[in-house]
Structures are given as structure tokens and as C-alpha cells.
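These notes are about the structure you will find just below.
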Amino acid sequence: MRYAAITGLGMAVPERILTNADLERMVDTSDEWIVSRTGIRERRVVGPNDSTTSLSVAAGRQALEQAGLTADDIDLIIVATCTPDQFVVSEACLVQAELGGAAAAFDIGAACSGFVYALSVATSFIQQGMHNRVLVIGADTFTRFIDYTDRSTCILFGDGAGAVVLEPTDEPRGLLNTVLGANGTGNKHLYAPGWGAVVPESAELFPEYRPYLQMNGQEVFRFAVRVMGDAAAEAVERSGLTFADVDMLVPHQANARIIDAAARRLDLPREKVWVNVDRYGNTSAASVPIALAEAAAAGHLDEGDNVVLVAFGAGLTWAAGMVRWGVAGVRRLSPHRADAATNDLVVAVGEPVHG
Ligand SMILES: CC(C)(COP(=O)(O)OP(=O)(O)OC[C@H]1O[C@@H](n2cnc3c(N)ncnc32)[C@H](O)[C@@H]1OP(=O)(O)O)[C@@H](O)C(=O)NCCC(=O)NCCS
């Protein structure tokens, strides 16, 4: 049996910080309201020189470096995003152009669930022997599509990218199972009109047309609390494990109250749940890989640990999976590789990305 171990991680966030105090000056809100309803204190926002590509490339380079690989060693790049820099070509091709190499490249769009969807596709390709070394990136720059006069959405989102390198191993490492789901009839609860091929001919004909992200917060909240708990629990059960076997929950970082509900469902104490929503807000497809990279860099993940990933997002979509942490059985490509493939994962947390 072939598995796909995570051998390198990386993350990148923009340098610009937007605090709750900044938002208090922009809309009718308060730090107290935002923190008590969401847990968010600040988020990172792209500047004129940042882009989904620049963040993805920075995170991807880090992940490759940790794995002791170069872009030439990678044979597939998947980018999970719904805010690509261009619709034609794919974000993954823009990233490949910057990183170098000749990997196959494509995007996956499942909004905030996108990274876990992409991880599951990449793992399956490696398991089937179709690809060997895959770079999976989750990246979004949603702040470009936020109406900063709408207090119900502008407080929530930040920008960023996270990346992992997957390599084959005979040991049970990496993603062991996935729970993927979607309910397309919920599309109207969280969506952005007018970014695609179907664009209203004029705002006059479609008075309701607005180009920014639209959200029914309460509906999304109810959905999220239900699916985050259910999907995470299903991933644990499908692994033949119990909640007591879970060493770390790495959830999508949308709202601290939603994360708490998922943790309660798995009966997990606070120290087994990675939370950084206070510092980055909701970075969409980047949130799970950023959280994973931080948890690893902080030394909270050990060889053989059981790590549950869970996410939800627009679509409506959801995704969860059980990851067995570590690099056991991964064949070293080079002496450099042998040095790098340890649990000593150094991630430049909070390191600014320029241009
Ligand atoms: C958006 C969210 C934080 C709102 O919290 P909530 O407790 O549901 O708040 P409500 O929408 O019921 O609004 C309560 C009141 O606060 C107000 N309010 C909304 N945003 C506010 C803000 N930023 N500051 C102050 N007041 C605000 C509302 O207008 C409402 O006022 P009213 O009672 O006078 O009408 C919450 O619904 C949520 O997190 N939903 C999920 C969103 C999400 O995760 N999206 C991304 C998915 S990937």
C-alpha cells in the first residue's frame, strides 16, 4: 500500500495588518463585538505588490525547502483557491512559472474547504502511482473582494497561503481518509456574483447586482457548526480510532465559536485544537495549511500523531480527513533531503512577504 506523507510545510501572509481598531474607524463596529462574536483580533491584507501568486510562491518555496526538494523534483502542483490572480490561466500555472520545473498544474475550487479537497486529490494520485511528489497549496486573497462598508463581512477575512509537499511512503503516513461533501442548494448563503463568465450586462438590468462577497452569516454559522463536528467525527470513526486517539485538531479558522463547537463534538481539550483565527481571520483555502504549518513549527506534531483536518466553505462545501503525521518510510532523494526530512519543521511564521 502506498501512502502520501507530508514532508514539507510553508506559509506566507502579507505584511499589512488590519486590526479591529482600524475597522472601528471604517464601519460601525467595535473590538468587543468582533472578538466576542468571532475571536478575531487582526487579519493580514494584501498590498499593491502582493498577490495570490506571490503568497503561494513564498509558501511553496518554504515547503520545498523543508522537504529538501527543488521545483524540478515536483511532478504536480495543485492550488486550491477561489481568488486566482487570473481566470485564464490557472493559479497553479502562474505558481509553476515562478517556482520553475515542469510539473503538471491545475486549480481546485471548493472555497474554504479547497485545501482539504486538494490534499485528498493529491494523495489519491500518489496512492495510485500517477504522481510521485506533489506540491499542494491553499491560497486566497479575499480582501480584494470584500466590501469595506459592509460590517458583517469585512471583519472576517484576511489573506494568506499555506503549502505542503507530499511524497510516497509504504508506511501509513499522510492523509489516511477523507470525508468530502457539498450542498449546492446552499450556494446563495455565501457567494460572490459577477466574477465569472455569467456577468450581468448592466447593473440597470440587474439592480441587485453587487460585485462583492455576499453572506447570510447566521445560516452559514448554523451549517458550519453542524458539518464541522459531523465531518471531523466521521473522519475519526472511518480511521477505526476514537476521539481519545486524536492528538491535534486543525480546523478551518473562520470563527472561534465554530471551532469550539467542533472541539466539543470530539470532546477535545483546548490544547489539542490549533487556533490562530485571532491573528489571521478567515484566510479561506489558506487557513488549514497555515494552521498546520504553525502547529508543526511550534513542535506540537510528532511522528505518528493523529491529526484531524476539517473545513467548511462556500458551495456550500465541507471536508475532513485524518492525517497520520510524520515521514516514516519516505525515500531520501539526496543527502540534503536526509537532513531536511525530520520533524524539525522551521516555518517563517508571520514573516512578511514583499512583492
Ligand atoms: C457573521 C457572524 C460573526 C455574525 O454573528 P451573529 O452572532 O450571527 O450576529 P447576527 O448576524 O445575528 O447580528 C447580530 C447583530 O449584530 C449586528 N452586526 C453585524 N455585524 C456587526 C459588526 N461587525 N459589528 C457590530 N455589529 C454587527 C447585526 O446588524 C445585528 O444587529 P441587529 O440585531 O440590530 O439586527 C456569524 O454569523 C458568523 O460567524 N457566521 C459564519 C460566517 C462565516 O464563517 N463565513 C465564512 C465561511 S467560510
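All residue names refer to the C-alpha cells as shown: chains lettered A, B, ... in order, residues numbered from 1 in each chain, ligands numbered from 1 in order.
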I'd like a table as JSON lines: residues in chain A with an atom no more than 9 Å from ligand 1, each row giving the shortest atom pair and its distance in Å to one decimal, only C-alpha atoms and all ligand atoms counted, sorted by chain and rising residue number.
{"residue": "A:Leu23", "atom": "CA", "partner": "ligand 1", "partner_atom_place_in_ligand_line": "23 (N)", "distance": 8.6}
{"residue": "A:Glu24", "atom": "CA", "partner": "ligand 1", "partner_atom_place_in_ligand_line": "24 (N)", "distance": 8.6}
{"residue": "A:Val27", "atom": "CA", "partner": "ligand 1", "partner_atom_place_in_ligand_line": "23 (N)", "distance": 7.7}
{"residue": "A:Asp28", "atom": "CA", "partner": "ligand 1", "partner_atom_place_in_ligand_line": "24 (N)", "distance": 6.1}
{"residue": "A:Thr29", "atom": "CA", "partner": "ligand 1", "partner_atom_place_in_ligand_line": "24 (N)", "distance": 3.6}
{"residue": "A:Ser30", "atom": "CA", "partner": "ligand 1", "partner_atom_place_in_ligand_line": "24 (N)", "distance": 5.9}
{"residue": "A:Asp31", "atom": "CA", "partner": "ligand 1", "partner_atom_place_in_ligand_line": "24 (N)", "distance": 8.3}
{"residue": "A:Glu32", "atom": "CA", "partner": "ligand 1", "partner_atom_place_in_ligand_line": "24 (N)", "distance": 8.8}
{"residue": "A:Trp33", "atom": "CA", "partner": "ligand 1", "partner_atom_place_in_ligand_line": "25 (C)", "distance": 5.6}
{"residue": "A:Ile34", "atom": "CA", "partner": "ligand 1", "partner_atom_place_in_ligand_line": "23 (N)", "distance": 6.0}
{"residue": "A:Ser36", "atom": "CA", "partner": "ligand 1", "partner_atom_place_in_ligand_line": "3 (C)", "distance": 8.9}
{"residue": "A:Arg37", "atom": "CA", "partner": "ligand 1", "partner_atom_place_in_ligand_line": "3 (C)", "distance": 5.2}
{"residue": "A:Thr38", "atom": "CA", "partner": "ligand 1", "partner_atom_place_in_ligand_line": "3 (C)", "distance": 5.3}
{"residue": "A:Ala111", "atom": "CA", "partner": "ligand 1", "partner_atom_place_in_ligand_line": "48 (S)", "distance": 7.3}
{"residue": "A:Cys112", "atom": "CA", "partner": "ligand 1", "partner_atom_place_in_ligand_line": "48 (S)", "distance": 5.3}
{"residue": "A:Ser113", "atom": "CA", "partner": "ligand 1", "partner_atom_place_in_ligand_line": "48 (S)", "distance": 7.9}
{"residue": "A:Asp150", "atom": "CA", "partner": "ligand 1", "partner_atom_place_in_ligand_line": "23 (N)", "distance": 8.1}
{"residue": "A:Arg151", "atom": "CA", "partner": "ligand 1", "partner_atom_place_in_ligand_line": "23 (N)", "distance": 4.3}
{"residue": "A:Ser152", "atom": "CA", "partner": "ligand 1", "partner_atom_place_in_ligand_line": "20 (N)", "distance": 3.9}
{"residue": "A:Thr153", "atom": "CA", "partner": "ligand 1", "partner_atom_place_in_ligand_line": "1 (C)", "distance": 6.6}
{"residue": "A:Cys154", "atom": "CA", "partner": "ligand 1", "partner_atom_place_in_ligand_line": "23 (N)", "distance": 7.5}
{"residue": "A:Ile155", "atom": "CA", "partner": "ligand 1", "partner_atom_place_in_ligand_line": "23 (N)", "distance": 5.9}
{"residue": "A:Leu156", "atom": "CA", "partner": "ligand 1", "partner_atom_place_in_ligand_line": "45 (N)", "distance": 7.2}
{"residue": "A:Phe157", "atom": "CA", "partner": "ligand 1", "partner_atom_place_in_ligand_line": "46 (C)", "distance": 8.0}
{"residue": "A:Leu190", "atom": "CA", "partner": "ligand 1", "partner_atom_place_in_ligand_line": "47 (C)", "distance": 7.2}
{"residue": "A:Met215", "atom": "CA", "partner": "ligand 1", "partner_atom_place_in_ligand_line": "45 (N)", "distance": 7.1}
{"residue": "A:Asn216", "atom": "CA", "partner": "ligand 1", "partner_atom_place_in_ligand_line": "37 (O)", "distance": 7.4}
{"residue": "A:Gly217", "atom": "CA", "partner": "ligand 1", "partner_atom_place_in_ligand_line": "37 (O)", "distance": 3.7}
{"residue": "A:Gln218", "atom": "CA", "partner": "ligand 1", "partner_atom_place_in_ligand_line": "37 (O)", "distance": 4.1}
{"residue": "A:Glu219", "atom": "CA", "partner": "ligand 1", "partner_atom_place_in_ligand_line": "40 (N)", "distance": 7.2}
{"residue": "A:Val220", "atom": "CA", "partner": "ligand 1", "partner_atom_place_in_ligand_line": "41 (C)", "distance": 4.8}
{"residue": "A:Phe221", "atom": "CA", "partner": "ligand 1", "partner_atom_place_in_ligand_line": "41 (C)", "distance": 3.9}
{"residue": "A:Arg222", "atom": "CA", "partner": "ligand 1", "partner_atom_place_in_ligand_line": "41 (C)", "distance": 7.7}
{"residue": "A:Phe223", "atom": "CA", "partner": "ligand 1", "partner_atom_place_in_ligand_line": "41 (C)", "distance": 8.5}
{"residue": "A:Ala224", "atom": "CA", "partner": "ligand 1", "partner_atom_place_in_ligand_line": "44 (O)", "distance": 7.1}
{"residue": "A:His252", "atom": "CA", "partner": "ligand 1", "partner_atom_place_in_ligand_line": "48 (S)", "distance": 8.0}
{"residue": "A:Gln253", "atom": "CA", "partner": "ligand 1", "partner_atom_place_in_ligand_line": "48 (S)", "distance": 8.3}
{"residue": "A:Ala254", "atom": "CA", "partner": "ligand 1", "partner_atom_place_in_ligand_line": "44 (O)", "distance": 4.7}
{"residue": "A:Asn255", "atom": "CA", "partner": "ligand 1", "partner_atom_place_in_ligand_line": "39 (O)", "distance": 5.5}
{"residue": "A:Ala256", "atom": "CA", "partner": "ligand 1", "partner_atom_place_in_ligand_line": "39 (O)", "distance": 8.5}
{"residue": "A:Arg257", "atom": "CA", "partner": "ligand 1", "partner_atom_place_in_ligand_line": "39 (O)", "distance": 7.9}
{"residue": "A:Ile258", "atom": "CA", "partner": "ligand 1", "partner_atom_place_in_ligand_line": "39 (O)", "distance": 7.6}
{"residue": "A:Asn282", "atom": "CA", "partner": "ligand 1", "partner_atom_place_in_ligand_line": "46 (C)", "distance": 7.0}
{"residue": "A:Thr283", "atom": "CA", "partner": "ligand 1", "partner_atom_place_in_ligand_line": "48 (S)", "distance": 8.7}
{"residue": "A:Ser284", "atom": "CA", "partner": "ligand 1", "partner_atom_place_in_ligand_line": "48 (S)", "distance": 6.2}
{"residue": "A:Ala285", "atom": "CA", "partner": "ligand 1", "partner_atom_place_in_ligand_line": "48 (S)", "distance": 8.9}
{"residue": "A:Ala311", "atom": "CA", "partner": "ligand 1", "partner_atom_place_in_ligand_line": "48 (S)", "distance": 8.1}
{"residue": "A:Phe312", "atom": "CA", "partner": "ligand 1", "partner_atom_place_in_ligand_line": "48 (S)", "distance": 5.9}
{"residue": "A:Gly313", "atom": "CA", "partner": "ligand 1", "partner_atom_place_in_ligand_line": "48 (S)", "distance": 3.9}
{"residue": "A:Ala314", "atom": "CA", "partner": "ligand 1", "partner_atom_place_in_ligand_line": "48 (S)", "distance": 6.0}
{"residue": "A:Leu316", "atom": "CA", "partner": "ligand 1", "partner_atom_place_in_ligand_line": "48 (S)", "distance": 8.9}
Got time to write the residues from that selection, N, CA and C atoms, as a short mmCIF file (atom, residue, chain, number, x, y, z; two decimals), in the first residue's frame?
data_model
loop_
_atom_site.label_atom_id
_atom_site.label_comp_id
_atom_site.auth_asym_id
_atom_site.auth_seq_id
_atom_site.Cartn_x
_atom_site.Cartn_y
_atom_site.Cartn_z
N LEU A 23 -10.77 48.76 11.94
CA LEU A 23 -12.13 48.57 11.43
C LEU A 23 -13.14 49.45 12.15
N GLU A 24 -12.87 49.72 13.43
CA GLU A 24 -13.76 50.63 14.19
C GLU A 24 -13.82 51.99 13.51
N VAL A 27 -16.14 51.18 9.87
CA VAL A 27 -17.56 50.82 9.92
C VAL A 27 -18.05 50.89 11.36
N ASP A 28 -19.38 50.79 11.52
CA ASP A 28 -19.97 50.86 12.85
C ASP A 28 -19.80 49.50 13.54
N THR A 29 -18.66 49.31 14.18
CA THR A 29 -18.39 48.06 14.89
C THR A 29 -17.50 48.36 16.08
N SER A 30 -17.18 47.31 16.83
CA SER A 30 -16.28 47.52 17.98
C SER A 30 -15.41 46.29 18.16
N ASP A 31 -14.26 46.52 18.75
CA ASP A 31 -13.35 45.41 19.05
C ASP A 31 -14.07 44.37 19.90
N GLU A 32 -14.83 44.84 20.87
CA GLU A 32 -15.54 43.95 21.79
C GLU A 32 -16.51 43.05 21.00
N TRP A 33 -17.27 43.66 20.07
CA TRP A 33 -18.25 42.88 19.29
C TRP A 33 -17.52 41.83 18.44
N ILE A 34 -16.47 42.26 17.76
CA ILE A 34 -15.78 41.33 16.84
C ILE A 34 -15.14 40.18 17.61
N SER A 36 -15.90 39.02 20.65
CA SER A 36 -16.85 38.12 21.32
C SER A 36 -17.62 37.26 20.31
N ARG A 37 -17.89 37.79 19.09
CA ARG A 37 -18.66 37.00 18.10
C ARG A 37 -17.79 36.11 17.23
N THR A 38 -16.50 36.47 17.08
CA THR A 38 -15.67 35.72 16.11
C THR A 38 -14.32 35.26 16.66
N ALA A 111 -13.72 26.66 -2.28
CA ALA A 111 -13.70 27.76 -1.30
C ALA A 111 -12.85 27.37 -0.09
N CYS A 112 -13.37 27.60 1.10
CA CYS A 112 -12.54 27.38 2.30
C CYS A 112 -12.25 25.90 2.54
N SER A 113 -13.01 25.01 1.91
CA SER A 113 -12.72 23.57 2.02
C SER A 113 -11.67 23.14 1.01
N ASP A 150 -19.39 47.05 4.44
CA ASP A 150 -20.31 46.02 4.95
C ASP A 150 -19.71 45.40 6.21
N ARG A 151 -20.21 45.81 7.37
CA ARG A 151 -19.59 45.36 8.63
C ARG A 151 -19.77 43.88 8.90
N SER A 152 -20.76 43.26 8.22
CA SER A 152 -21.00 41.84 8.52
C SER A 152 -19.97 40.94 7.84
N THR A 153 -19.30 41.42 6.79
CA THR A 153 -18.28 40.58 6.13
C THR A 153 -16.85 41.12 6.27
N CYS A 154 -16.72 42.45 6.34
CA CYS A 154 -15.34 43.00 6.26
C CYS A 154 -14.50 42.69 7.49
N ILE A 155 -15.15 42.30 8.59
CA ILE A 155 -14.40 41.98 9.80
C ILE A 155 -13.80 40.58 9.76
N LEU A 156 -14.29 39.75 8.82
CA LEU A 156 -13.99 38.31 8.91
C LEU A 156 -12.73 37.87 8.19
N PHE A 157 -12.44 38.49 7.03
CA PHE A 157 -11.48 37.86 6.11
C PHE A 157 -10.09 38.47 6.14
N LEU A 190 -23.52 32.11 0.68
CA LEU A 190 -22.16 32.66 0.70
C LEU A 190 -21.65 32.63 -0.74
N MET A 215 -23.09 37.34 2.09
CA MET A 215 -23.14 36.25 3.08
C MET A 215 -24.36 36.35 3.97
N ASN A 216 -25.01 35.21 4.18
CA ASN A 216 -26.04 35.10 5.19
C ASN A 216 -25.37 34.47 6.42
N GLY A 217 -24.85 35.33 7.29
CA GLY A 217 -23.97 34.89 8.38
C GLY A 217 -24.59 33.84 9.28
N GLN A 218 -25.85 34.07 9.67
CA GLN A 218 -26.47 33.13 10.62
C GLN A 218 -26.66 31.75 10.00
N GLU A 219 -27.08 31.75 8.72
CA GLU A 219 -27.28 30.47 8.02
C GLU A 219 -25.97 29.70 7.90
N VAL A 220 -24.90 30.44 7.53
CA VAL A 220 -23.58 29.81 7.39
C VAL A 220 -23.09 29.31 8.75
N PHE A 221 -23.35 30.09 9.78
CA PHE A 221 -22.92 29.70 11.12
C PHE A 221 -23.57 28.37 11.54
N ARG A 222 -24.88 28.27 11.35
CA ARG A 222 -25.60 27.03 11.73
C ARG A 222 -25.06 25.83 10.95
N PHE A 223 -24.89 26.05 9.63
CA PHE A 223 -24.35 24.98 8.77
C PHE A 223 -22.97 24.56 9.25
N ALA A 224 -22.13 25.56 9.55
CA ALA A 224 -20.73 25.27 9.90
C ALA A 224 -20.63 24.47 11.19
N HIS A 252 -10.55 24.65 10.00
CA HIS A 252 -10.65 25.90 9.25
C HIS A 252 -10.91 27.03 10.24
N GLN A 253 -10.18 28.13 10.06
CA GLN A 253 -10.23 29.23 11.02
C GLN A 253 -11.19 30.31 10.51
N ALA A 254 -12.48 30.14 10.81
CA ALA A 254 -13.46 31.13 10.38
C ALA A 254 -13.98 31.92 11.58
N ASN A 255 -14.16 31.21 12.68
CA ASN A 255 -14.81 31.83 13.84
C ASN A 255 -14.50 30.95 15.05
N ALA A 256 -14.02 31.55 16.13
CA ALA A 256 -13.61 30.77 17.31
C ALA A 256 -14.79 29.99 17.88
N ARG A 257 -16.01 30.53 17.73
CA ARG A 257 -17.17 29.81 18.29
C ARG A 257 -17.46 28.55 17.49
N ILE A 258 -17.24 28.60 16.17
CA ILE A 258 -17.44 27.42 15.33
C ILE A 258 -16.36 26.37 15.66
N ASN A 282 -10.22 34.82 8.69
CA ASN A 282 -10.53 33.71 7.79
C ASN A 282 -9.74 33.89 6.49
N THR A 283 -8.73 33.05 6.29
CA THR A 283 -7.93 33.14 5.07
C THR A 283 -8.38 32.13 4.02
N SER A 284 -9.60 31.64 4.16
CA SER A 284 -10.22 30.75 3.17
C SER A 284 -9.38 29.50 2.95
N ALA A 285 -9.02 29.18 1.71
CA ALA A 285 -8.31 27.91 1.44
C ALA A 285 -6.94 27.86 2.10
N ALA A 311 -12.83 21.40 7.50
CA ALA A 311 -13.10 22.72 6.93
C ALA A 311 -14.52 22.77 6.36
N PHE A 312 -15.02 23.99 6.20
CA PHE A 312 -16.30 24.21 5.53
C PHE A 312 -16.17 25.50 4.73
N GLY A 313 -17.05 25.68 3.75
CA GLY A 313 -16.96 26.91 2.99
C GLY A 313 -18.10 27.09 2.01
N ALA A 314 -17.93 28.11 1.18
CA ALA A 314 -18.95 28.42 0.18
C ALA A 314 -19.16 27.21 -0.71
N LEU A 316 -22.54 25.17 -0.73
CA LEU A 316 -21.72 25.01 0.49
C LEU A 316 -20.91 23.71 0.43
#
Run DSSP on the backbone and tell me which residues of segment 74-299 of chain A come out as helix (DSSP H, G or I); list them as a ChimeraX atom specification. /A:91-99,111-127,142-145,151-154,184-189,217-238,243-245,256-265,270-272,277-280,284-297
Tell me which of A:Ala5, A:Leu241, A:Leu166, A:Ala328 sits closest to Ile77 of chain A, counting only C-alpha atoms.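 Answer, going by the shortest atom-to-atom distance: A:Leu166.
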Proximity check segment 167-242 of chain A to segment 141-148 of chain A, 10 Å, nearest pairs one decimal Å, only C-alpha atoms, as a Markdown table:
| residue | atom | partner | partner_atom | distance |
| --- | --- | --- | --- | --- |
| A:Ala192 | CA | A:Phe145 | CA | 8.1 |
| A:Trp195 | CA | A:Phe145 | CA | 9.6 |
| A:Arg210 | CA | A:Asp147 | CA | 9.5 |
| A:Pro211 | CA | A:Phe145 | CA | 7.5 |
| A:Tyr212 | CA | A:Phe145 | CA | 5.2 |
| A:Leu213 | CA | A:Ile146 | CA | 5.8 |
| A:Gln214 | CA | A:Ile146 | CA | 8.8 |
Could the residues in this selection be written to a file with all heavy atoms, as a tab-separated table (two decimals), in the first residue's frame?
chain	number	residue	atom	x	y	z
A	192	ALA	N	-20.22	35.22	-4.41
A	192	ALA	CA	-19.82	36.50	-4.97
A	192	ALA	C	-20.30	36.54	-6.41
A	192	ALA	O	-19.81	35.78	-7.24
A	192	ALA	CB	-18.32	36.66	-4.91
A	195	TRP	N	-18.21	37.44	-10.93
A	195	TRP	CA	-16.78	37.28	-11.17
A	195	TRP	C	-16.51	36.31	-12.31
A	195	TRP	O	-15.37	36.11	-12.68
A	195	TRP	CB	-16.04	36.70	-9.98
A	195	TRP	CG	-16.11	37.45	-8.71
A	195	TRP	CD1	-16.75	38.63	-8.47
A	195	TRP	CD2	-15.49	37.07	-7.49
A	195	TRP	NE1	-16.58	38.99	-7.16
A	195	TRP	CE2	-15.81	38.05	-6.54
A	195	TRP	CE3	-14.71	35.98	-7.11
A	195	TRP	CZ2	-15.37	37.98	-5.23
A	195	TRP	CZ3	-14.28	35.92	-5.81
A	195	TRP	CH2	-14.60	36.92	-4.87
A	210	ARG	N	-24.20	43.13	-7.18
A	210	ARG	CA	-23.10	43.73	-6.43
A	210	ARG	C	-21.88	42.82	-6.60
A	210	ARG	O	-22.00	41.61	-6.51
A	210	ARG	CB	-23.44	43.86	-4.95
A	210	ARG	CG	-24.53	44.87	-4.69
A	210	ARG	CD	-24.82	44.99	-3.21
A	210	ARG	NE	-23.74	45.65	-2.51
A	210	ARG	CZ	-23.40	45.38	-1.27
A	210	ARG	NH1	-24.02	44.43	-0.62
A	210	ARG	NH2	-22.43	46.02	-0.69
A	211	PRO	N	-20.74	43.39	-6.84
A	211	PRO	CA	-19.58	42.55	-7.14
A	211	PRO	C	-18.92	41.91	-5.92
A	211	PRO	O	-18.03	41.12	-6.06
A	211	PRO	CB	-18.62	43.52	-7.82
A	211	PRO	CG	-18.98	44.86	-7.26
A	211	PRO	CD	-20.45	44.81	-6.96
A	212	TYR	N	-19.34	42.27	-4.72
A	212	TYR	CA	-18.63	41.81	-3.52
A	212	TYR	C	-19.24	40.54	-2.93
A	212	TYR	O	-20.37	40.17	-3.23
A	212	TYR	CB	-18.65	42.91	-2.46
A	212	TYR	CG	-17.92	44.16	-2.86
A	212	TYR	CD1	-18.59	45.36	-2.95
A	212	TYR	CD2	-16.56	44.12	-3.14
A	212	TYR	CE1	-17.92	46.51	-3.32
A	212	TYR	CE2	-15.88	45.26	-3.50
A	212	TYR	CZ	-16.56	46.46	-3.59
A	212	TYR	OH	-15.90	47.59	-3.96
A	213	LEU	N	-18.44	39.95	-2.04
A	213	LEU	CA	-18.89	38.76	-1.34
A	213	LEU	C	-20.18	39.02	-0.57
A	213	LEU	O	-20.29	40.02	0.15
A	213	LEU	CB	-17.80	38.33	-0.35
A	213	LEU	CG	-17.95	36.94	0.25
A	213	LEU	CD1	-17.56	35.88	-0.76
A	213	LEU	CD2	-17.10	36.82	1.51
A	214	GLN	N	-21.15	38.13	-0.75
A	214	GLN	CA	-22.43	38.24	-0.05
A	214	GLN	C	-22.55	37.08	0.93
A	214	GLN	O	-22.19	35.96	0.59
A	214	GLN	CB	-23.59	38.14	-1.06
A	214	GLN	CG	-23.47	39.04	-2.27
A	214	GLN	CD	-23.68	40.50	-1.91
A	214	GLN	OE1	-24.67	40.85	-1.28
A	214	GLN	NE2	-22.75	41.35	-2.31
Segment 62-113 of chain A residues near segment 134-140 of chain A within 9 Å, closest pair each, using only C-alpha atoms, as a Markdown table:
| residue | atom | partner | partner_atom | distance |
| --- | --- | --- | --- | --- |
| A:Ala63 | CA | A:Leu135 | CA | 8.1 |
| A:Leu64 | CA | A:Leu135 | CA | 8.0 |
| A:Ala71 | CA | A:Leu135 | CA | 8.9 |
| A:Asp73 | CA | A:Val134 | CA | 8.9 |
| A:Ile74 | CA | A:Val134 | CA | 5.7 |
| A:Asp75 | CA | A:Val134 | CA | 6.1 |
| A:Leu76 | CA | A:Val134 | CA | 4.8 |
| A:Ile77 | CA | A:Leu135 | CA | 4.8 |
| A:Ile78 | CA | A:Val136 | CA | 5.0 |
| A:Val79 | CA | A:Ile137 | CA | 4.7 |
| A:Ala80 | CA | A:Gly138 | CA | 4.7 |
| A:Thr81 | CA | A:Ala139 | CA | 5.4 |
| A:Cys82 | CA | A:Asp140 | CA | 6.7 |
| A:Thr83 | CA | A:Asp140 | CA | 5.4 |
| A:Pro84 | CA | A:Asp140 | CA | 7.4 |
| A:Ala92 | CA | A:Ile137 | CA | 8.6 |
| A:Ala103 | CA | A:Val134 | CA | 8.6 |
| A:Ala111 | CA | A:Asp140 | CA | 8.8 |
| A:Cys112 | CA | A:Gly138 | CA | 8.9 |
Looking at only C-alpha atoms, which of A:Thr185, A:Asn276, A:Thr53, A:Thr7 is the one that sits closest to Asp85 of chain A? A:Thr53
Selected residue, from A:Asp278, A:Tyr117, A:Gly315, A:Leu99, that lies nearest to Lys188 of chain A when counting only C-alpha atoms: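 Counting only C-alpha atoms, the residue closest to Lys188 of chain A is A:Gly315.
For Ile6 of chain A, the set of protein, DNA and RNA residues having any atom at most 8 Å away, when counting only C-alpha atoms and skipping those fewer than 4 positions along the same chain, is Val164, Val165, Leu166, Glu167, Arg173, Gly174, Trp325, Gly326 and Val327 of chain A.
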Selected residue, from A:Val236, A:Val35, A:Ile290, A:Leu69, that lies nearest to Val308 of chain A when counting only C-alpha atoms: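 Smallest distance to Val308 of chain A is found for A:Val236.
Nearest to Val45 of chain A of all the residues A:His300, A:Arg264, A:Arg25, A:Arg279 is A:Arg279, based on only C-alpha atoms.
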Which residues come within 12 Å of Ser54 of chain A, counting only C-alpha atoms, excluding same-chain residues fewer than 2 positions away, as an NGL selection string? :A and (11-14 or 46-52 or 56-61 or 84-85 or 91-92 or 94-99 or 139-141 or 159-162 or 352-355)
If you keep C-alpha atoms, can you produce a file of those selected residues as a compact mmCIF listing (two decimals), in the first residue's frame?
# COMPACT_ATOMS: atom_id res chain seq x y z
CA MET A 11 3.12 29.57 4.88
CA ALA A 12 3.06 33.21 3.87
CA VAL A 13 0.93 36.16 4.91
CA PRO A 14 1.06 39.79 3.80
CA VAL A 46 -2.55 42.21 0.62
CA GLY A 47 -0.90 45.42 -0.51
CA PRO A 48 -0.41 46.57 -4.08
CA ASN A 49 2.66 44.35 -4.54
CA ASP A 50 1.18 41.16 -3.05
CA SER A 51 -0.99 38.70 -4.91
CA THR A 52 -2.36 35.19 -4.64
CA SER A 56 1.58 30.95 -2.99
CA VAL A 57 5.14 31.06 -4.31
CA ALA A 58 6.55 32.14 -0.94
CA ALA A 59 4.67 29.35 0.88
CA GLY A 60 5.57 26.82 -1.83
CA ARG A 61 9.29 27.69 -1.68
CA PRO A 84 -6.85 33.35 -8.51
CA ASP A 85 -4.94 36.29 -9.97
CA GLU A 91 -3.16 29.90 -10.49
CA ALA A 92 -1.12 26.68 -10.42
CA LEU A 94 1.36 31.05 -12.53
CA VAL A 95 2.98 29.44 -9.48
CA GLN A 96 4.86 26.89 -11.62
CA ALA A 97 6.19 29.73 -13.79
CA GLU A 98 7.72 31.39 -10.71
CA LEU A 99 8.96 28.26 -8.96
CA ALA A 139 -4.16 30.40 -1.13
CA ASP A 140 -6.72 33.19 -1.16
CA THR A 141 -6.80 36.97 -1.23
CA ASP A 159 -5.22 36.90 3.07
CA GLY A 160 -2.56 34.22 3.01
CA ALA A 161 -1.18 30.99 1.59
CA GLY A 162 -0.09 27.66 3.02
CA PRO A 352 6.41 39.41 5.71
CA VAL A 353 6.07 38.76 2.02
CA HIS A 354 7.17 41.57 -0.26
CA GLY A 355 6.07 41.80 -3.85
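Atom pair atom CA of Val307 of chain A / atom CA of His131 of chain A: separated by 23.9 Å.
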Per DSSP on the backbone, what are the strand (DSSP E) residues of segment 48-223 of chain A, as a PyMOL selection string? chain A and resi 76-80+104-108+134-141+159-169+174-182+190-191+214-215
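Checking A:Met1, A:Leu176, A:Ala110, A:Gly304 one by one against Gly240 of chain A, counting only C-alpha atoms, you find the shortest gap at A:Leu176.
Taking atom CA of Ala67 of chain A and atom CA of Pro168 of chain A as endpoints, the distance between them is 12.4 Å.
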To one decimal place in Å, what is the distance between atom CA of Met130 of chain A and atom CA of Met322 of chain A?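 We find that atom CA of Met130 of chain A and atom CA of Met322 of chain A lie 22.0 Å from each other.
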